[in-house]
Amino acid sequence: MEKEITDKVLGQLKFDKKLGLWWRDMDVALYNGDDKLELNVQDENHEGILDVQREAYKRYMENADKYIKEAPLYILEYYKWHFEEIDKEVELDEENKKETITAECLVNDLMSFYYLFICRDGSYGWLASCCWEDDYFAILLSESEPRIMTHAQLRNLHKINDNSLGLLVHDGENAWVGLEQNDFFGKDEDLRIELEGSVEEGITPAQQQAYEQYLVKKENYFNELTRMMLSVYMGSDETADQMLLMGHKIMVQTALPKTLFIDKEGNYGWICYTQWDDSYIGVLLSEDKLYFLTEENLRNYSKEEKLVDKELGVLFPTYVGYEGLIVVRLMNDVRTMPMVLSLYDDEKIEKIREAYQIYQKMRPTFWNDMKEIMLYYYKECYDEFETYLKIPENLKLENVNEDSVMSILTFTSLYIKEHKGRIAWLCDSPTDKETGLAFEFSDGETNLIGQDEII
């Protein structure tokens, strides 16, 4: 039998031992009017209701109309910020897309609100369900601005109000999480602030200093990221720099910062949403220049063995030597690709660096050479390709051209070998499934070879 009490402020409550909370129906519905709120007052240690919780309830009731009016706008921001992930999880109607969704439609049609949850420290918020999450998520209402978080975060709420970083809430795993707004590409965008650390550790001085440095350099970082992406599109750093010097306003909306991650040692970088493959990439900011790396490598940057080279980027050891990450434009599409270095003696990295520098200067020339060589190879081996491929109309012998022929290949990595500084694009081909093909750049020429000739 459930324990019952009548509280002077909260009314008649029942105690749920399993959940560790006092509860009662509030007979209040939000937005769509179908689901009634239930009051939940946290008491997992069976200590009784606290005065701070009673005061929290009074404050909620005094401001309920304000919350009902304002919260949908914050939920809408959250929905748009996470839209790429949500769109993958559920099939959304046209009116629920990022560009067309409204706050009213979101809270009325895609969500249901079930609980007013009051924490032990007097923080409070709603628990709601939605079409894109299996568990409830929470809207923290007791701060100056509503904050979206997980159900677990609200139940185990640990927070810090930092002078520089604002409100930080622990995610229950290994990070303090905050939020700020930035003007990216001419629009206000939410940026998640994530600081590595446990509840006990709090925020380290190194993280404080890193954030202060970030604020000073933030605009320069964004400009440099834009320049890097422009260089990818234009095929060379020189062309990109020339366009910027001539005063062209360049807006390359391809890598949008979503999270600023700062580890305990003060290394930091952006985790960016990549438009070209609906994925994420890390951009290290805390070194002398910006470097692309995977999100995992960014999160583990201080823990992993690595080699930082100003030309080659951030390189991590593998069984073949080292591997880095590059963003390139292949077949008119931007791609995130691995760069593999066959390097067993770090002192010989100069050869690899020289080969990469030549490649960077000659990128457009190499690409044109590759198309020309591949077309010749395809025509010479057409009978063999017919054996392995169901030839579409644009690849028939009489129709194929330098652009269409490249669609046969799947590029896998840029490979650089310390011996003589050999550099090549490796790719899979239907006619060379076991060995694969490689476009090697050597002595100003491009040659098509089997991968076994270079690896």
# chains A, B, ... in the order shown; residues from 1 in each chain; ligands from 1
$ select_by_dssp --residues "segment 142-269 of chain A" --states "strand (DSSP E or B)" --output "MDAnalysis selection string"
chainID A and resid 147:150 159:162 166:170 175:184 187:196 255:262 268:269
$ select_by_dssp --residues "segment 163-315 of chain A" --states "alpha helix (DSSP H)" --output "PyMOL selection string"
chain A and resi 205-234+237-245+295-299
$ residues_around --residues "segment 157-166 of chain A" --least-positions-apart "4" --cutoff "8 Å" --atoms "only C-alpha atoms" --output "PyMOL selection string"
chain A and resi 119+153+170+178+199+211-212
$ residues_around --residues "Leu140 of chain A" --least-positions-apart "3" --cutoff "10 Å" --atoms "only C-alpha atoms" --output "list in words"
Ala71, Leu116, Phe117, Ile118, Ser123, Tyr124, Gly125, Trp126, Leu127, Phe137, Glu143, Ser144, Glu145, Pro146, Arg147, Ile148, Met149, Thr150, Gln153 and Leu154 of chain A
$ residues_around --residues "Leu426 of chain A" --least-positions-apart "2" --cutoff "10 Å" --atoms "only C-alpha atoms" --output "PyMOL selection string"
chain A and resi 409-415+423-424+428-429+436-440+449-451+454-455
$ write_last_selection --atoms "N, CA and C atoms" --output "compact mmCIF listing (two decimals), in the first residue's frame"
# COMPACT_ATOMS: atom_id res chain seq x y z
N LEU A 409 34.61 4.02 -59.93
CA LEU A 409 35.58 3.83 -58.85
C LEU A 409 35.04 4.26 -57.49
N THR A 410 35.53 3.63 -56.45
CA THR A 410 35.26 4.04 -55.07
C THR A 410 36.59 4.40 -54.43
N PHE A 411 36.80 5.68 -54.19
CA PHE A 411 38.06 6.13 -53.59
C PHE A 411 38.06 5.77 -52.11
N THR A 412 39.18 5.24 -51.64
CA THR A 412 39.27 4.76 -50.25
C THR A 412 40.23 5.55 -49.38
N SER A 413 41.34 6.04 -49.94
CA SER A 413 42.28 6.81 -49.11
C SER A 413 43.35 7.46 -49.99
N LEU A 414 43.95 8.52 -49.43
CA LEU A 414 45.15 9.09 -50.02
C LEU A 414 46.32 8.41 -49.32
N TYR A 415 47.18 7.76 -50.08
CA TYR A 415 48.25 6.93 -49.51
C TYR A 415 49.61 7.56 -49.83
N ILE A 423 53.14 9.01 -53.60
CA ILE A 423 51.80 9.42 -53.17
C ILE A 423 50.78 8.98 -54.21
N ALA A 424 49.63 8.47 -53.75
CA ALA A 424 48.64 7.94 -54.69
C ALA A 424 47.26 7.95 -54.06
N ASP A 428 38.82 1.34 -55.16
CA ASP A 428 38.30 0.03 -55.53
C ASP A 428 37.70 0.11 -56.92
N SER A 429 37.87 -0.97 -57.68
CA SER A 429 37.31 -1.05 -59.03
C SER A 429 36.67 -2.42 -59.20
N GLY A 436 42.79 -3.79 -56.20
CA GLY A 436 42.42 -2.39 -56.28
C GLY A 436 43.35 -1.61 -57.20
N LEU A 437 42.97 -0.38 -57.51
CA LEU A 437 43.76 0.48 -58.39
C LEU A 437 44.34 1.65 -57.60
N ALA A 438 45.35 2.27 -58.16
CA ALA A 438 45.97 3.44 -57.53
C ALA A 438 46.39 4.43 -58.62
N PHE A 439 46.07 5.71 -58.39
CA PHE A 439 46.56 6.78 -59.25
C PHE A 439 47.76 7.39 -58.54
N GLU A 440 48.95 7.10 -59.05
CA GLU A 440 50.18 7.58 -58.40
C GLU A 440 50.66 8.85 -59.08
N ILE A 449 48.16 2.39 -61.64
CA ILE A 449 48.87 1.14 -61.31
C ILE A 449 47.97 0.30 -60.39
N GLY A 450 48.36 -0.94 -60.18
CA GLY A 450 47.68 -1.77 -59.18
C GLY A 450 48.16 -1.37 -57.79
N GLN A 451 47.28 -1.48 -56.80
CA GLN A 451 47.67 -1.09 -55.46
C GLN A 451 48.86 -1.89 -54.92
N ILE A 454 52.35 -0.34 -55.03
CA ILE A 454 52.78 0.76 -54.16
C ILE A 454 52.66 0.40 -52.68
N ILE A 455 51.71 -0.42 -52.31
CA ILE A 455 51.53 -0.75 -50.89
C ILE A 455 52.54 -1.84 -50.48
$ closest_residue --among "A:Tyr291, A:Tyr382, A:Tyr356, A:Tyr377" --to "Ile416 of chain A" --atoms "only C-alpha atoms"
A:Tyr356
$ residues_around --residues "Glu323 of chain A" --least-positions-apart "4" --cutoff "9 Å" --atoms "only C-alpha atoms" --output "ChimeraX atom specification"
/A:314-318,338-342
$ write_last_selection --atoms "C-alpha atoms" --output "short mmCIF file (atom, residue, chain, number, x, y, z; two decimals), in the first residue's frame"
data_model
loop_
_atom_site.label_atom_id
_atom_site.label_comp_id
_atom_site.auth_asym_id
_atom_site.auth_seq_id
_atom_site.Cartn_x
_atom_site.Cartn_y
_atom_site.Cartn_z
CA VAL A 314 47.22 15.48 -36.78
CA LEU A 315 48.37 11.90 -37.33
CA PHE A 316 47.58 8.87 -35.20
CA PRO A 317 49.61 5.61 -35.18
CA THR A 318 48.22 2.57 -37.02
CA PRO A 338 41.55 9.02 -44.55
CA MET A 339 45.15 9.88 -45.39
CA VAL A 340 47.37 6.87 -44.74
CA LEU A 341 51.10 7.29 -44.25
CA SER A 342 53.40 4.31 -44.64
#
$ closest_atom_pairs --of "segment 189-244 of chain A" --to "segment 253-268 of chain A" --cutoff "9 Å" --atoms "only C-alpha atoms" --output "Markdown table"
| residue | atom | partner | partner_atom | distance |
| --- | --- | --- | --- | --- |
| A:Glu189 | CA | A:Lys258 | CA | 8.3 |
| A:Asp190 | CA | A:Lys258 | CA | 7.2 |
| A:Leu191 | CA | A:Lys258 | CA | 5.2 |
| A:Arg192 | CA | A:Thr259 | CA | 4.5 |
| A:Ile193 | CA | A:Leu260 | CA | 4.9 |
| A:Glu194 | CA | A:Phe261 | CA | 4.8 |
| A:Leu195 | CA | A:Ile262 | CA | 4.9 |
| A:Glu196 | CA | A:Asp263 | CA | 4.9 |
| A:Gly197 | CA | A:Lys264 | CA | 6.5 |
| A:Ile203 | CA | A:Lys264 | CA | 7.9 |
| A:Thr204 | CA | A:Lys264 | CA | 6.4 |
| A:Pro205 | CA | A:Gly266 | CA | 8.4 |
| A:Ala206 | CA | A:Gly266 | CA | 4.8 |
| A:Gln207 | CA | A:Gly266 | CA | 4.7 |
| A:Gln208 | CA | A:Gly266 | CA | 8.0 |
| A:Gln209 | CA | A:Gly266 | CA | 7.4 |
| A:Ala210 | CA | A:Gly266 | CA | 5.3 |
| A:Tyr211 | CA | A:Ile262 | CA | 7.8 |
| A:Tyr214 | CA | A:Tyr268 | CA | 8.4 |
| A:Phe222 | CA | A:Pro257 | CA | 8.9 |
| A:Leu225 | CA | A:Ala255 | CA | 8.1 |
| A:Thr226 | CA | A:Gln253 | CA | 8.3 |
| A:Met229 | CA | A:Thr254 | CA | 7.5 |
$ write_last_selection --atoms "N, CA and C atoms" --output "short mmCIF file (atom, residue, chain, number, x, y, z; two decimals), in the first residue's frame"
data_model
loop_
_atom_site.label_atom_id
_atom_site.label_comp_id
_atom_site.auth_asym_id
_atom_site.auth_seq_id
_atom_site.Cartn_x
_atom_site.Cartn_y
_atom_site.Cartn_z
N GLU A 189 22.78 30.38 -34.31
CA GLU A 189 22.82 28.93 -34.16
C GLU A 189 23.19 28.58 -32.73
N ASP A 190 22.49 27.60 -32.15
CA ASP A 190 22.86 27.12 -30.83
C ASP A 190 24.16 26.32 -30.93
N LEU A 191 25.05 26.54 -29.98
CA LEU A 191 26.29 25.78 -29.89
C LEU A 191 26.34 25.11 -28.53
N ARG A 192 26.43 23.81 -28.51
CA ARG A 192 26.55 23.04 -27.26
C ARG A 192 27.97 23.19 -26.74
N ILE A 193 28.12 23.52 -25.47
CA ILE A 193 29.43 23.58 -24.83
C ILE A 193 29.58 22.31 -24.00
N GLU A 194 30.62 21.55 -24.24
CA GLU A 194 30.81 20.29 -23.54
C GLU A 194 32.22 20.26 -22.94
N LEU A 195 32.28 20.20 -21.61
CA LEU A 195 33.56 20.18 -20.89
C LEU A 195 33.73 18.83 -20.22
N GLU A 196 34.79 18.13 -20.61
CA GLU A 196 35.05 16.80 -20.07
C GLU A 196 35.28 16.87 -18.57
N GLY A 197 34.68 15.94 -17.82
CA GLY A 197 34.92 15.90 -16.39
C GLY A 197 33.77 15.26 -15.62
N ILE A 203 34.93 21.94 -13.07
CA ILE A 203 35.60 22.56 -14.20
C ILE A 203 37.04 22.86 -13.81
N THR A 204 37.99 22.46 -14.65
CA THR A 204 39.41 22.66 -14.33
C THR A 204 39.85 24.06 -14.75
N PRO A 205 40.90 24.61 -14.10
CA PRO A 205 41.45 25.90 -14.53
C PRO A 205 41.87 25.89 -16.00
N ALA A 206 42.39 24.74 -16.47
CA ALA A 206 42.80 24.65 -17.88
C ALA A 206 41.60 24.83 -18.81
N GLN A 207 40.44 24.33 -18.40
CA GLN A 207 39.24 24.49 -19.22
C GLN A 207 38.74 25.94 -19.20
N GLN A 208 38.83 26.57 -18.03
CA GLN A 208 38.46 27.98 -17.94
C GLN A 208 39.33 28.82 -18.88
N GLN A 209 40.64 28.59 -18.84
CA GLN A 209 41.57 29.34 -19.68
C GLN A 209 41.32 29.06 -21.16
N ALA A 210 41.04 27.78 -21.46
CA ALA A 210 40.78 27.41 -22.85
C ALA A 210 39.55 28.12 -23.39
N TYR A 211 38.50 28.20 -22.58
CA TYR A 211 37.28 28.87 -23.03
C TYR A 211 37.50 30.36 -23.24
N TYR A 214 39.29 30.71 -26.42
CA TYR A 214 38.35 30.44 -27.51
C TYR A 214 37.51 31.68 -27.83
N PHE A 222 36.38 30.75 -37.08
CA PHE A 222 35.31 30.53 -38.05
C PHE A 222 35.72 31.00 -39.44
N LEU A 225 38.04 28.35 -40.85
CA LEU A 225 37.30 27.16 -41.28
C LEU A 225 36.61 27.41 -42.61
N THR A 226 36.04 28.60 -42.77
CA THR A 226 35.40 28.95 -44.04
C THR A 226 36.43 28.97 -45.17
N MET A 229 37.34 25.39 -46.19
CA MET A 229 36.31 24.76 -47.00
C MET A 229 36.27 25.36 -48.40
#
$ closest_residue --among "A:Gly11, A:Pro430, A:Gly20, A:Gly235" --to "Glu47 of chain A" --atoms "only C-alpha atoms"
A:Gly20
$ atom_distance --atom1 "atom CA of Thr274 of chain A" --atom2 "atom CA of Asn96 of chain A"
21.7 Å
$ closest_residue --among "A:Ile68, A:Leu179, A:Ile5, A:Ile349" --to "Ala29 of chain A" --atoms "only C-alpha atoms"
A:Ile68
$ closest_residue --among "A:Tyr273, A:Asp43, A:Lys97, A:Tyr114" --to "Asp27 of chain A" --atoms "only C-alpha atoms"
A:Tyr114
$ atom_distance --atom1 "atom CA of Glu55 of chain A" --atom2 "atom CA of Met26 of chain A"
17.0 Å
$ residues_around --residues "segment 73-75 of chain A" --least-positions-apart "2" --cutoff "9 Å" --atoms "only C-alpha atoms" --output "PyMOL selection string"
chain A and resi 69-71+77-80+102-104+106-107+139+145-148
$ closest_residue --among "A:Ile408, A:Leu389, A:Leu19, A:Ile49" --to "Thr6 of chain A" --atoms "only C-alpha atoms"
A:Ile49
